[in-house]
>>> print(open('my_file.cif').read())   # mmCIF, N, CA and C atoms and all ligand atoms
data_start
#
loop_
_atom_site.label_atom_id
_atom_site.label_comp_id
_atom_site.auth_asym_id
_atom_site.auth_seq_id
_atom_site.Cartn_x
_atom_site.Cartn_y
_atom_site.Cartn_z
N MET A 1 -1.39 -11.25 -2.47
CA MET A 1 -1.15 -9.81 -2.68
C MET A 1 -2.21 -9.27 -3.65
N LYS A 2 -3.44 -9.29 -3.19
CA LYS A 2 -4.54 -8.93 -4.11
C LYS A 2 -5.01 -7.50 -3.95
N SER A 3 -4.97 -6.99 -2.73
CA SER A 3 -5.46 -5.63 -2.54
C SER A 3 -4.34 -4.75 -2.01
N ILE A 4 -4.16 -3.65 -2.70
CA ILE A 4 -3.02 -2.77 -2.42
C ILE A 4 -3.53 -1.35 -2.16
N ALA A 5 -3.04 -0.72 -1.11
CA ALA A 5 -3.36 0.69 -0.84
C ALA A 5 -2.16 1.53 -1.25
N LEU A 6 -2.42 2.57 -2.00
CA LEU A 6 -1.33 3.43 -2.49
C LEU A 6 -1.58 4.87 -2.06
N VAL A 7 -0.55 5.49 -1.54
CA VAL A 7 -0.65 6.86 -1.03
C VAL A 7 0.67 7.56 -1.33
N ALA A 8 0.60 8.81 -1.76
CA ALA A 8 1.84 9.57 -1.95
C ALA A 8 1.61 11.03 -1.59
N HIS A 9 2.56 11.60 -0.90
CA HIS A 9 2.52 13.04 -0.66
C HIS A 9 2.85 13.79 -1.95
N ASP A 10 2.51 15.08 -1.98
CA ASP A 10 2.64 15.83 -3.23
C ASP A 10 4.06 15.75 -3.81
N GLY A 11 5.06 15.88 -2.94
CA GLY A 11 6.45 15.86 -3.41
C GLY A 11 6.90 14.49 -3.89
N LYS A 12 6.07 13.48 -3.71
CA LYS A 12 6.44 12.10 -4.10
C LYS A 12 5.46 11.49 -5.10
N LYS A 13 4.48 12.30 -5.52
CA LYS A 13 3.46 11.73 -6.42
C LYS A 13 4.08 11.30 -7.75
N GLN A 14 4.98 12.13 -8.30
CA GLN A 14 5.57 11.75 -9.58
C GLN A 14 6.38 10.47 -9.45
N ASP A 15 7.09 10.31 -8.33
CA ASP A 15 7.84 9.06 -8.09
C ASP A 15 6.89 7.86 -8.12
N LEU A 16 5.75 8.02 -7.45
CA LEU A 16 4.80 6.91 -7.39
C LEU A 16 4.24 6.60 -8.79
N LEU A 17 3.89 7.66 -9.53
CA LEU A 17 3.34 7.45 -10.87
C LEU A 17 4.36 6.78 -11.78
N ASP A 18 5.61 7.21 -11.70
CA ASP A 18 6.67 6.60 -12.52
C ASP A 18 6.83 5.13 -12.18
N TRP A 19 6.77 4.85 -10.88
CA TRP A 19 6.94 3.45 -10.44
C TRP A 19 5.76 2.59 -10.91
N VAL A 20 4.56 3.12 -10.77
CA VAL A 20 3.36 2.38 -11.18
C VAL A 20 3.39 2.10 -12.69
N LYS A 21 3.82 3.12 -13.46
CA LYS A 21 3.90 2.95 -14.92
C LYS A 21 4.84 1.80 -15.29
N ALA A 22 5.87 1.62 -14.49
CA ALA A 22 6.84 0.56 -14.78
C ALA A 22 6.29 -0.83 -14.45
N HIS A 23 5.13 -0.89 -13.80
CA HIS A 23 4.59 -2.18 -13.36
C HIS A 23 3.11 -2.32 -13.69
N THR A 24 2.68 -1.76 -14.82
CA THR A 24 1.24 -1.75 -15.12
C THR A 24 0.64 -3.17 -15.16
N ASP A 25 1.40 -4.13 -15.68
CA ASP A 25 0.87 -5.52 -15.76
C ASP A 25 0.59 -6.07 -14.36
N PHE A 26 1.49 -5.76 -13.44
CA PHE A 26 1.36 -6.27 -12.08
C PHE A 26 0.03 -5.82 -11.46
N PHE A 27 -0.39 -4.59 -11.81
CA PHE A 27 -1.59 -4.04 -11.17
C PHE A 27 -2.90 -4.46 -11.83
N ALA A 28 -2.79 -5.12 -13.00
CA ALA A 28 -3.99 -5.41 -13.79
C ALA A 28 -5.06 -6.14 -12.99
N ASP A 29 -4.66 -7.12 -12.19
CA ASP A 29 -5.66 -7.93 -11.48
C ASP A 29 -5.75 -7.59 -9.99
N LYS A 30 -5.26 -6.42 -9.62
CA LYS A 30 -5.25 -6.04 -8.21
C LYS A 30 -6.40 -5.08 -7.89
N MET A 31 -6.87 -5.18 -6.65
CA MET A 31 -7.85 -4.20 -6.14
C MET A 31 -7.04 -3.05 -5.55
N LEU A 32 -7.29 -1.86 -6.04
CA LEU A 32 -6.48 -0.73 -5.59
C LEU A 32 -7.29 0.26 -4.77
N TYR A 33 -6.71 0.66 -3.65
CA TYR A 33 -7.29 1.70 -2.80
C TYR A 33 -6.28 2.85 -2.73
N ALA A 34 -6.78 4.06 -2.58
CA ALA A 34 -5.84 5.19 -2.50
C ALA A 34 -6.50 6.39 -1.83
N THR A 35 -5.67 7.29 -1.36
CA THR A 35 -6.20 8.58 -0.92
C THR A 35 -6.61 9.38 -2.16
N GLY A 36 -7.44 10.41 -1.95
CA GLY A 36 -8.13 11.08 -3.05
C GLY A 36 -7.31 11.50 -4.25
N THR A 37 -6.35 12.39 -4.01
CA THR A 37 -5.60 12.93 -5.16
C THR A 37 -4.71 11.86 -5.78
N THR A 38 -4.05 11.11 -4.94
CA THR A 38 -3.20 10.01 -5.43
C THR A 38 -4.03 9.06 -6.29
N GLY A 39 -5.21 8.71 -5.80
CA GLY A 39 -6.05 7.74 -6.50
C GLY A 39 -6.50 8.21 -7.87
N SER A 40 -6.87 9.49 -7.98
CA SER A 40 -7.33 9.93 -9.30
C SER A 40 -6.18 9.96 -10.30
N LEU A 41 -4.98 10.31 -9.83
CA LEU A 41 -3.81 10.27 -10.73
C LEU A 41 -3.51 8.83 -11.16
N LEU A 42 -3.60 7.91 -10.20
CA LEU A 42 -3.31 6.50 -10.52
C LEU A 42 -4.32 5.93 -11.51
N ALA A 43 -5.59 6.29 -11.33
CA ALA A 43 -6.62 5.78 -12.24
C ALA A 43 -6.32 6.24 -13.67
N ASP A 44 -5.86 7.49 -13.83
CA ASP A 44 -5.51 7.98 -15.17
C ASP A 44 -4.35 7.19 -15.76
N VAL A 45 -3.32 7.00 -14.95
CA VAL A 45 -2.10 6.34 -15.44
C VAL A 45 -2.36 4.87 -15.77
N LEU A 46 -3.12 4.20 -14.90
CA LEU A 46 -3.31 2.76 -15.07
C LEU A 46 -4.50 2.42 -15.97
N GLY A 47 -5.39 3.40 -16.16
CA GLY A 47 -6.59 3.13 -16.96
C GLY A 47 -7.47 2.08 -16.32
N LYS A 48 -7.48 2.03 -15.00
CA LYS A 48 -8.38 1.11 -14.31
C LYS A 48 -8.95 1.80 -13.09
N SER A 49 -10.01 1.23 -12.54
CA SER A 49 -10.65 1.93 -11.44
C SER A 49 -9.84 1.76 -10.15
N VAL A 50 -9.82 2.80 -9.38
CA VAL A 50 -9.13 2.83 -8.10
C VAL A 50 -10.16 3.32 -7.08
N HIS A 51 -10.29 2.60 -5.99
CA HIS A 51 -11.23 3.06 -4.96
C HIS A 51 -10.58 4.23 -4.22
N CYS A 52 -11.12 5.42 -4.43
CA CYS A 52 -10.51 6.62 -3.85
C CYS A 52 -11.23 7.02 -2.56
N PHE A 53 -10.44 7.19 -1.51
CA PHE A 53 -10.96 7.73 -0.26
C PHE A 53 -10.79 9.25 -0.27
N ALA A 54 -11.02 9.88 0.87
CA ALA A 54 -10.82 11.33 0.97
C ALA A 54 -9.34 11.65 0.76
N SER A 55 -9.08 12.89 0.47
CA SER A 55 -7.68 13.31 0.38
C SER A 55 -7.02 13.13 1.75
N GLY A 56 -5.71 12.89 1.74
CA GLY A 56 -5.01 12.60 2.99
C GLY A 56 -5.29 13.60 4.11
N PRO A 57 -5.09 14.90 3.85
CA PRO A 57 -5.29 15.88 4.93
C PRO A 57 -6.73 15.94 5.42
N LEU A 58 -7.66 15.40 4.65
CA LEU A 58 -9.08 15.43 5.03
C LEU A 58 -9.56 14.11 5.61
N GLY A 59 -8.63 13.19 5.90
CA GLY A 59 -9.02 11.95 6.56
C GLY A 59 -8.74 10.68 5.77
N GLY A 60 -8.21 10.82 4.56
CA GLY A 60 -7.97 9.63 3.72
C GLY A 60 -7.00 8.64 4.34
N ASP A 61 -5.96 9.14 5.02
CA ASP A 61 -5.02 8.21 5.67
C ASP A 61 -5.73 7.39 6.74
N GLN A 62 -6.61 8.05 7.45
CA GLN A 62 -7.35 7.35 8.51
C GLN A 62 -8.28 6.31 7.92
N GLN A 63 -8.90 6.63 6.78
CA GLN A 63 -9.80 5.66 6.15
C GLN A 63 -9.03 4.43 5.70
N ILE A 64 -7.84 4.64 5.15
CA ILE A 64 -7.03 3.49 4.73
C ILE A 64 -6.55 2.71 5.96
N GLY A 65 -6.23 3.44 7.03
CA GLY A 65 -5.85 2.76 8.28
C GLY A 65 -6.98 1.86 8.78
N ALA A 66 -8.21 2.35 8.67
CA ALA A 66 -9.37 1.55 9.11
C ALA A 66 -9.49 0.29 8.26
N LEU A 67 -9.23 0.43 6.97
CA LEU A 67 -9.29 -0.72 6.06
C LEU A 67 -8.23 -1.77 6.42
N ILE A 68 -7.07 -1.29 6.82
CA ILE A 68 -6.01 -2.22 7.26
C ILE A 68 -6.47 -2.96 8.52
N ALA A 69 -7.08 -2.23 9.44
CA ALA A 69 -7.55 -2.86 10.68
C ALA A 69 -8.65 -3.88 10.40
N GLU A 70 -9.36 -3.69 9.29
CA GLU A 70 -10.39 -4.67 8.89
C GLU A 70 -9.79 -5.80 8.06
N GLN A 71 -8.47 -5.81 7.93
CA GLN A 71 -7.73 -6.85 7.18
C GLN A 71 -8.13 -6.91 5.71
N LYS A 72 -8.37 -5.73 5.14
CA LYS A 72 -8.76 -5.70 3.72
C LYS A 72 -7.63 -5.20 2.83
N VAL A 73 -6.46 -4.97 3.42
CA VAL A 73 -5.32 -4.50 2.62
C VAL A 73 -4.15 -5.46 2.79
N ASP A 74 -3.59 -5.91 1.66
CA ASP A 74 -2.46 -6.85 1.70
C ASP A 74 -1.12 -6.14 1.70
N TRP A 75 -1.10 -4.92 1.20
CA TRP A 75 0.17 -4.24 1.03
C TRP A 75 -0.09 -2.73 1.02
N LEU A 76 0.71 -1.99 1.78
CA LEU A 76 0.63 -0.52 1.76
C LEU A 76 1.85 0.05 1.06
N VAL A 77 1.60 0.82 0.00
CA VAL A 77 2.67 1.57 -0.67
C VAL A 77 2.45 3.02 -0.28
N PHE A 78 3.33 3.55 0.52
CA PHE A 78 3.14 4.90 1.04
C PHE A 78 4.42 5.70 0.80
N PHE A 79 4.44 6.45 -0.29
CA PHE A 79 5.58 7.30 -0.61
C PHE A 79 5.40 8.63 0.14
N TRP A 80 5.75 8.62 1.41
CA TRP A 80 5.63 9.85 2.20
C TRP A 80 6.87 10.70 1.96
N ASP A 81 6.73 11.99 2.15
CA ASP A 81 7.80 12.92 1.80
C ASP A 81 8.61 13.28 3.04
N PRO A 82 9.85 12.81 3.10
CA PRO A 82 10.66 13.08 4.30
C PRO A 82 11.21 14.51 4.34
N LEU A 83 10.98 15.27 3.26
CA LEU A 83 11.57 16.61 3.19
C LEU A 83 10.53 17.72 3.31
N SER A 84 9.29 17.37 3.64
CA SER A 84 8.32 18.45 3.88
C SER A 84 7.40 18.05 5.03
N SER A 85 6.94 19.07 5.74
CA SER A 85 6.05 18.78 6.87
C SER A 85 4.61 18.71 6.37
N GLN A 86 3.80 17.92 7.06
CA GLN A 86 2.41 17.71 6.64
C GLN A 86 1.49 18.19 7.77
N PRO A 87 0.41 18.90 7.41
CA PRO A 87 -0.51 19.36 8.46
C PRO A 87 -1.16 18.19 9.20
N HIS A 88 -1.26 17.04 8.51
CA HIS A 88 -1.93 15.87 9.10
C HIS A 88 -0.90 14.82 9.51
N ASP A 89 0.22 15.29 10.00
CA ASP A 89 1.29 14.35 10.39
C ASP A 89 0.83 13.25 11.36
N PRO A 90 -0.04 13.56 12.34
CA PRO A 90 -0.50 12.47 13.22
C PRO A 90 -1.21 11.35 12.45
N ASP A 91 -1.93 11.73 11.38
CA ASP A 91 -2.63 10.71 10.58
C ASP A 91 -1.63 9.85 9.81
N VAL A 92 -0.57 10.51 9.31
CA VAL A 92 0.47 9.80 8.57
C VAL A 92 1.10 8.76 9.48
N LYS A 93 1.44 9.20 10.67
CA LYS A 93 2.08 8.31 11.64
C LYS A 93 1.13 7.16 12.02
N ALA A 94 -0.15 7.49 12.19
CA ALA A 94 -1.14 6.47 12.56
C ALA A 94 -1.29 5.43 11.46
N LEU A 95 -1.24 5.86 10.21
CA LEU A 95 -1.38 4.91 9.10
C LEU A 95 -0.20 3.93 9.09
N ILE A 96 1.00 4.47 9.21
CA ILE A 96 2.18 3.60 9.22
C ILE A 96 2.13 2.67 10.44
N ARG A 97 1.69 3.21 11.55
CA ARG A 97 1.59 2.39 12.77
C ARG A 97 0.65 1.20 12.56
N LEU A 98 -0.52 1.46 11.96
CA LEU A 98 -1.48 0.36 11.78
C LEU A 98 -0.94 -0.70 10.82
N ALA A 99 -0.19 -0.26 9.81
CA ALA A 99 0.40 -1.24 8.89
C ALA A 99 1.38 -2.14 9.64
N VAL A 100 2.09 -1.57 10.59
CA VAL A 100 3.04 -2.38 11.38
C VAL A 100 2.27 -3.27 12.36
N VAL A 101 1.25 -2.70 13.01
CA VAL A 101 0.45 -3.50 13.96
C VAL A 101 -0.13 -4.73 13.28
N TRP A 102 -0.64 -4.53 12.04
CA TRP A 102 -1.31 -5.63 11.34
C TRP A 102 -0.35 -6.40 10.44
N ASN A 103 0.93 -6.10 10.58
CA ASN A 103 1.99 -6.88 9.92
C ASN A 103 1.77 -7.05 8.42
N ILE A 104 1.45 -5.94 7.74
CA ILE A 104 1.40 -6.03 6.28
C ILE A 104 2.68 -5.40 5.73
N PRO A 105 3.13 -5.82 4.56
CA PRO A 105 4.29 -5.19 3.95
C PRO A 105 4.01 -3.70 3.71
N VAL A 106 5.03 -2.88 3.94
CA VAL A 106 4.90 -1.43 3.71
C VAL A 106 6.09 -0.98 2.88
N ALA A 107 5.83 -0.31 1.77
CA ALA A 107 6.92 0.24 0.96
C ALA A 107 6.84 1.75 1.00
N CYS A 108 7.90 2.37 1.50
CA CYS A 108 7.90 3.83 1.58
C CYS A 108 8.80 4.47 0.52
N ASN A 109 9.43 3.65 -0.29
CA ASN A 109 10.21 4.20 -1.40
C ASN A 109 10.25 3.19 -2.54
N ARG A 110 10.77 3.66 -3.68
CA ARG A 110 10.72 2.84 -4.89
C ARG A 110 11.55 1.57 -4.76
N ALA A 111 12.68 1.67 -4.06
CA ALA A 111 13.54 0.49 -3.92
C ALA A 111 12.78 -0.64 -3.22
N THR A 112 12.08 -0.30 -2.16
CA THR A 112 11.33 -1.33 -1.42
C THR A 112 10.13 -1.81 -2.23
N ALA A 113 9.46 -0.88 -2.89
CA ALA A 113 8.29 -1.26 -3.70
C ALA A 113 8.71 -2.22 -4.81
N ASP A 114 9.84 -1.94 -5.48
CA ASP A 114 10.35 -2.84 -6.52
C ASP A 114 10.66 -4.21 -5.93
N PHE A 115 11.29 -4.19 -4.80
CA PHE A 115 11.68 -5.43 -4.14
C PHE A 115 10.45 -6.31 -3.87
N ILE A 116 9.39 -5.69 -3.39
CA ILE A 116 8.18 -6.46 -3.05
C ILE A 116 7.48 -6.97 -4.31
N VAL A 117 7.43 -6.14 -5.36
CA VAL A 117 6.83 -6.60 -6.62
C VAL A 117 7.60 -7.81 -7.14
N HIS A 118 8.93 -7.71 -7.16
CA HIS A 118 9.72 -8.81 -7.70
C HIS A 118 9.59 -10.06 -6.84
N SER A 119 9.54 -9.87 -5.56
CA SER A 119 9.37 -11.00 -4.65
C SER A 119 8.03 -11.68 -4.92
N SER A 120 7.00 -10.88 -5.10
CA SER A 120 5.67 -11.42 -5.34
C SER A 120 5.63 -12.18 -6.67
N LEU A 121 6.27 -11.62 -7.72
CA LEU A 121 6.29 -12.29 -9.02
C LEU A 121 7.08 -13.59 -8.95
N LEU A 122 8.20 -13.57 -8.23
CA LEU A 122 9.00 -14.79 -8.09
C LEU A 122 8.19 -15.88 -7.40
N GLN A 123 7.46 -15.49 -6.37
CA GLN A 123 6.66 -16.47 -5.66
C GLN A 123 5.62 -17.09 -6.58
N GLN A 124 5.06 -16.24 -7.49
CA GLN A 124 4.10 -16.79 -8.46
C GLN A 124 4.79 -17.75 -9.41
N ASP A 125 5.98 -17.34 -9.94
CA ASP A 125 6.70 -18.18 -10.90
C ASP A 125 7.02 -19.55 -10.32
N TYR A 126 7.47 -19.55 -9.09
CA TYR A 126 7.85 -20.81 -8.47
C TYR A 126 6.68 -21.47 -7.74
N GLN A 127 5.51 -20.86 -7.93
CA GLN A 127 4.28 -21.36 -7.32
C GLN A 127 4.45 -21.58 -5.82
N ARG A 128 5.18 -20.65 -5.23
CA ARG A 128 5.32 -20.72 -3.78
C ARG A 128 4.20 -19.92 -3.16
N GLU A 129 3.87 -20.32 -1.98
CA GLU A 129 2.88 -19.56 -1.24
C GLU A 129 3.46 -18.21 -0.86
N VAL A 130 2.65 -17.17 -0.97
CA VAL A 130 3.06 -15.88 -0.41
C VAL A 130 3.10 -16.07 1.11
N PRO A 131 4.13 -15.53 1.80
CA PRO A 131 4.18 -15.72 3.24
C PRO A 131 2.84 -15.36 3.88
N ASP A 132 2.39 -16.21 4.76
CA ASP A 132 1.05 -16.03 5.31
C ASP A 132 1.07 -15.06 6.49
N PHE A 133 1.15 -13.79 6.17
CA PHE A 133 1.19 -12.82 7.26
C PHE A 133 -0.16 -12.69 7.94
N ARG A 134 -1.22 -13.22 7.28
CA ARG A 134 -2.53 -13.22 7.94
C ARG A 134 -2.48 -14.07 9.22
N ALA A 135 -1.60 -15.06 9.22
CA ALA A 135 -1.50 -15.91 10.41
C ALA A 135 -1.08 -15.07 11.61
N TYR A 136 -0.17 -14.13 11.37
CA TYR A 136 0.23 -13.24 12.46
C TYR A 136 -0.93 -12.33 12.84
N GLN A 137 -1.62 -11.85 11.78
CA GLN A 137 -2.73 -10.94 12.05
C GLN A 137 -3.77 -11.62 12.93
N ASN A 138 -4.02 -12.90 12.64
CA ASN A 138 -5.07 -13.58 13.39
C ASN A 138 -4.72 -13.69 14.87
N ARG A 139 -3.41 -13.71 15.14
CA ARG A 139 -3.02 -13.75 16.55
C ARG A 139 -3.38 -12.45 17.26
N LEU A 140 -3.61 -11.40 16.47
CA LEU A 140 -3.97 -10.11 17.09
C LEU A 140 -5.45 -10.04 17.46
N GLN A 141 -6.22 -10.96 16.91
CA GLN A 141 -7.66 -10.92 17.18
C GLN A 141 -7.94 -11.26 18.64
N PRO A 142 -8.79 -10.47 19.29
CA PRO A 142 -9.13 -10.82 20.66
C PRO A 142 -9.84 -12.16 20.71
N LYS A 143 -9.56 -12.94 21.75
CA LYS A 143 -10.21 -14.25 21.88
C LYS A 143 -11.68 -14.03 22.24
N ALA A 144 -12.54 -14.81 21.57
CA ALA A 144 -13.98 -14.67 21.83
C ALA A 144 -14.34 -15.26 23.19
O1 LIG B 1 -1.70 13.40 2.15
C1 LIG B 1 -1.64 12.28 1.72
C2 LIG B 1 -1.12 11.17 2.55
O2 LIG B 1 -0.77 11.55 3.85
C3 LIG B 1 -2.07 11.97 0.34
O3 LIG B 1 -3.31 12.54 0.07
P1 LIG B 1 -3.74 12.81 -1.42
O4 LIG B 1 -3.58 11.55 -2.19
O5 LIG B 1 -5.17 13.24 -1.38
O6 LIG B 1 -2.83 13.90 -1.94
#
>>> encode(input="my_file.cif", output="structure tokens")
Amino acid sequence: MKSIALVAHDGKKQDLLDWVKAHTDFFADKMLYATGTTGSLLADVLGKSVHCFASGPLGGDQQIGALIAEQKVDWLVFFWDPLSSQPHDPDVKALIRLAVVWNIPVACNRATADFIVHSSLLQQDYQREVPDFRAYQNRLQPKA
């Protein structure tokens, strides 16, 4: 669980920032990717660099989706807002779709995000291997 993509819609940005603040140690050694506005807020809160793509409505979701397809993202945290409509809804759907296609963990709310952080920490404590979801991903690769 080394590289994490984080995205939040405007109505959920504070939720994401509150959640991140509660887990600053966890993020210390992680590579972070984010859509534009989310990423700049996260960089302020965490005091570490975040690779920021374009803002979501301008293509940031698609850029993160491409990164997932390149197998460069281990976990997607996407606090999307179920109570407001988005002009780039097809991109939102496409991002979630690619996370499912490539079988990476996806957290769309704080309960799930907490669950995954704790699971990851427990695996470290007990020195267990993180489930090898890359094995599933590799099955998606076209045969040469
Ligand atoms: O719209 C978004 C995700 O769909 C998020 O974009 P921003 O982080 O630029 O606000």
>>> atom_distance(input="my_file.cif", atom1="atom N of A:Gly36", atom2="atom C of A:Pro57")
9.2 Å
>>> closest_residue(input="my_file.cif", among="A:Ile96, A:Ala54, A:Leu121, A:Val77", to="ligand LIG 1 (chain B)", atoms="only C-alpha atoms and all ligand atoms")
A:Ala54
>>> closest_residue(input="my_file.cif", among="A:His23, A:Lys93, A:His9, A:Lys30", to="A:Trp80", atoms="all atoms listed in the file")
A:His9
>>> closest_residue(input="my_file.cif", among="A:Ala69, A:Cys108, A:Ala43, A:Val92", to="ligand LIG 1 (chain B)", atoms="all atoms listed in the file")
A:Val92
>>> residues_near_ligand(input="my_file.cif", ligand="ligand LIG 1 (chain B)", cutoff="8 Å", atoms="only N, CA and C atoms and all ligand atoms", output="JSON, numbers by chain")
{"A": [6, 7, 8, 9, 10, 34, 35, 36, 37, 38, 39, 40, 41, 53, 54, 55, 56, 57, 58, 59, 60, 61, 62, 78, 79, 80, 81, 86, 87, 88, 89, 91, 92, 93]}
>>> atom_distance(input="my_file.cif", atom1="atom CA of A:Asp114", atom2="atom C of A:Pro90")
26.4 Å
>>> decode(input="my_file.cif", residues="stretch 45-73 of chain A", atoms="C-alpha atoms", output="mmCIF file, in the first residue's frame")
data_model
loop_
_atom_site.group_PDB
_atom_site.id
_atom_site.type_symbol
_atom_site.label_atom_id
_atom_site.label_comp_id
_atom_site.auth_asym_id
_atom_site.auth_seq_id
_atom_site.Cartn_x
_atom_site.Cartn_y
_atom_site.Cartn_z
ATOM 1 C CA VAL A 45 -2.637 19.579 5.853
ATOM 2 C CA LEU A 46 0.019 16.869 5.607
ATOM 3 C CA GLY A 47 3.009 19.139 5.029
ATOM 4 C CA LYS A 48 4.302 16.809 2.339
ATOM 5 C CA SER A 49 4.312 16.852 -1.415
ATOM 6 C CA VAL A 50 1.322 15.500 -3.282
ATOM 7 C CA HIS A 51 1.424 14.869 -7.009
ATOM 8 C CA CYS A 52 -1.481 17.011 -8.191
ATOM 9 C CA PHE A 53 -3.252 16.353 -11.472
ATOM 10 C CA ALA A 54 -5.799 18.659 -13.104
ATOM 11 C CA SER A 55 -8.923 19.536 -11.192
ATOM 12 C CA GLY A 56 -11.587 16.835 -11.464
ATOM 13 C CA PRO A 57 -13.954 18.678 -13.826
ATOM 14 C CA LEU A 58 -10.981 19.502 -16.077
ATOM 15 C CA GLY A 59 -9.794 15.911 -16.479
ATOM 16 C CA GLY A 60 -8.134 15.031 -13.163
ATOM 17 C CA ASP A 61 -10.346 11.982 -12.599
ATOM 18 C CA GLN A 62 -9.367 10.678 -16.010
ATOM 19 C CA GLN A 63 -5.675 11.231 -15.291
ATOM 20 C CA ILE A 64 -5.940 9.227 -12.075
ATOM 21 C CA GLY A 65 -7.895 6.557 -13.956
ATOM 22 C CA ALA A 66 -5.022 6.314 -16.442
ATOM 23 C CA LEU A 67 -2.578 5.897 -13.553
ATOM 24 C CA ILE A 68 -4.684 3.034 -12.206
ATOM 25 C CA ALA A 69 -4.643 1.374 -15.630
ATOM 26 C CA GLU A 70 -0.841 1.675 -15.562
ATOM 27 C CA GLN A 71 -0.898 -0.144 -12.184
ATOM 28 C CA LYS A 72 0.683 2.772 -10.374
ATOM 29 C CA VAL A 73 -2.022 3.160 -7.720
#
